[in-house]
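Here the structure comes first, spelled out in structure tokens, and everything after it is commentary.
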Amino acid sequence: MSFFQKAYQFVRYDIWRRTAKDISKGKRFGYNTLKTLVLTIRGFAEDEVNTRANALTYSMLFATVPLIAMSFAIAKGFGFEQTIEDKLNSVTFLRESNIVPTIMEFVQRYLETAQGGVFLGIGIVILIWSIYNFFRTVETSFNTIWEVNRSRSYLRQITNYLSILLAIPIMMVLSSGMSIFFNSALSGYFGNTQWLTEFLIKAVPFIVCWIIFSWMYWAIPNTKVGFQAAVIPGIIVGTVFQLLQMLSVYILVFLSRTSIVYGTFAAIPLLLVWLHLSCLILLLGAEMSYAIQNNEYYDYDQDLKLISRRYKDYITLYLVYLIVKRFEQEQLPPTAHELAQENNIPIRLVNNLLSRLTKSNILREIYIENKEDKTYLPAIDINRLTVGKLFSHIDRQGNERFLQNLPEKMEAFWQEWTDLQAKTADSNNILIKDL
């Protein structure tokens with residue numbers, strides 16, 4: 001086997017067969033990092049991140065002027081409207097592509113129209129809808145990556161989006177305040193610290209990006225996100241985003257040939273490219289955040305896709321046995337995570353089987369004190385719960401006899417087979433030809 005074949009075998013199968021208990025503390029960081037990288041790349045393909053980035057780019061482009069207009073109006077109320085324009089000019093790509101004056105012209109017209117009383121009816125609906133649609137698209141993309149099927153209520157969405165609108169100008173003002181503080185206060189405290197001042201001023205945009213992206217990865221998904229799962233991708237994505245701004249001059253030179261084709265409209269494709277790259281980086285960070293928090297969720301990933309029915313039934317029976325014995329001995333009911341950790345079973349398999357058993361009315365989910373996650377109890381009297389009854393409930397869980405216009409012979413076969421199962425204790429020894 002060649003080196004590349006071994007590497008492929010390791011990345012695709014072997015690394016997922018080594019759980020946290022099997023890896024020493026010294027190697028755990030390297031394994032988790034590699035798993036996170038693999039899951040992020042896989043998520044990029046499976047979750048169609050590039051397609052979602054295209055949709056998000058469209059929503060962002062449509063909402064750019066309304067967002068800046070709202071932020072500008074809020075900042076103007078506090079006397080900080082010039083800060084918004086300065087911050088837009090501080091973004092290298094926007095400054096070098098000379099887009100900011102065009103955007104600000106649109107914003108001024110937006111606000112003047114609103115103040116003049118003409119901005120009514122359809123105009124205000126478009127303003128509110130474009131901003132809401134943008135935030136909604138971001139939240140939906142994050143929830144899809146996190147495999148969250150339920151969104152927040154409309155009230156929660158509106159309150160969250162309003163808080164973001166208020167936070168945008170505040171963050172811009174704080175960013176400018178930090179730069180002013182480093183530029184003036186440090187020299188008074190530490191004397192000749194020009195190099196330190198310059199370093200901290202250059203670090204301010206990075207710090208602000210780290211805070212913003214970390215907050216997004218923590219707050220936007222409609223699920224509980226851990227500290228590391230939010231901060232680590234927040235720092236990485238924030239750094240990459242700032243490096244993209246530094247490279248924007250070279251990108252502009254590379255894309256300057258578009259001016260030959262588009263002429264004065266060259267700023268539009270340039271802005272679209274820049275927005276798309278920004279959205280792509282944002283969603284890749286969301287994939288990384290999900291991967292960091294759910295590393296253990298993918299233990300034995302490829303093996304679970306090929307698991308045999310017999311082995312799946314065996315693990316199902318064993319989980320029910322553990323829950324029944326705990327109940328018999330009057331111990332606290334276990335959570336899915338406890339069952340997975342104590343028996344070294346992948347948490348994803350445990351969750352799937354427990355969900356199946358709950359839907360089959362074999363187990364019942366309950367919440368008890370001192371445990372954040374739901375626990376599991378038998379839903380049937382343990383003195384009447386046999387192995388046959390267990391698998392009979394599982395086999396009957398789901399829809400049956402939904403096929404239409406079946407031949408009479410097939411209908412008769414179903415009736416004979418179900419009657420035979422009810423009468424015969426061991427129907428497995430019957431020859432198929434004798435059915």
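Chain labels follow the order of the structure tokens: the first chain is A, the next B, and so on; residue numbering restarts at 1 in every chain, and ligands are counted from 1 in their shown order.
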- Item | Who sits within 8 Å of Val237 in chain A, only C-alpha atoms, same chain under 4 positions skipped, as a PyMOL selection string | chain A and resi 210+213+233+241+281-282+285
- Message: So the first atom is CA of Arg356 in chain A and the second is CA of Asn399 in chain A; what is the distance between them in Å, to one decimal place?
- Response: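 That distance, rounded to one decimal, is 13.8 Å.
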Selection: 10 Å around Thr316 in chain A, only C-alpha atoms, excl. self and same-chain fewer than 4 positions, as a PDB file with C-alpha atoms, in the first residue's frame:
ATOM      1  CA  ARG A 310     -27.672  -7.741  13.573  1.00  0.00           C
ATOM      2  CA  TYR A 311     -25.017  -5.534  15.151  1.00  0.00           C
ATOM      3  CA  LYS A 312     -27.453  -2.641  15.345  1.00  0.00           C
ATOM      4  CA  VAL A 320     -32.329  -1.245  26.752  1.00  0.00           C
ATOM      5  CA  TYR A 321     -30.737  -3.800  29.102  1.00  0.00           C
ATOM      6  CA  LEU A 349     -25.464   5.891  17.239  1.00  0.00           C
ATOM      7  CA  VAL A 350     -26.750   6.123  20.819  1.00  0.00           C
ATOM      8  CA  ASN A 352     -30.355   7.460  16.884  1.00  0.00           C
ATOM      9  CA  LEU A 353     -31.185   4.223  18.713  1.00  0.00           C
ATOM     10  CA  LEU A 354     -32.676   5.965  21.760  1.00  0.00           C
ATOM     11  CA  ARG A 356     -35.984   4.982  17.697  1.00  0.00           C
ATOM     12  CA  LEU A 357     -36.802   3.277  21.012  1.00  0.00           C
ATOM     13  CA  LEU A 390     -38.832  -5.206  22.167  1.00  0.00           C
ATOM     14  CA  PHE A 391     -38.112  -6.033  18.535  1.00  0.00           C
TER      15      PHE A 391
END
- Compare A:Lys25, A:Val324, A:Leu306, A:Tyr132 by their minimum atom-to-atom distance to Thr386 in chain A, counting only C-alpha atoms, and give me the closest one.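 Once distances to Thr386 in chain A are computed over only C-alpha atoms, the minimum belongs to A:Val324.
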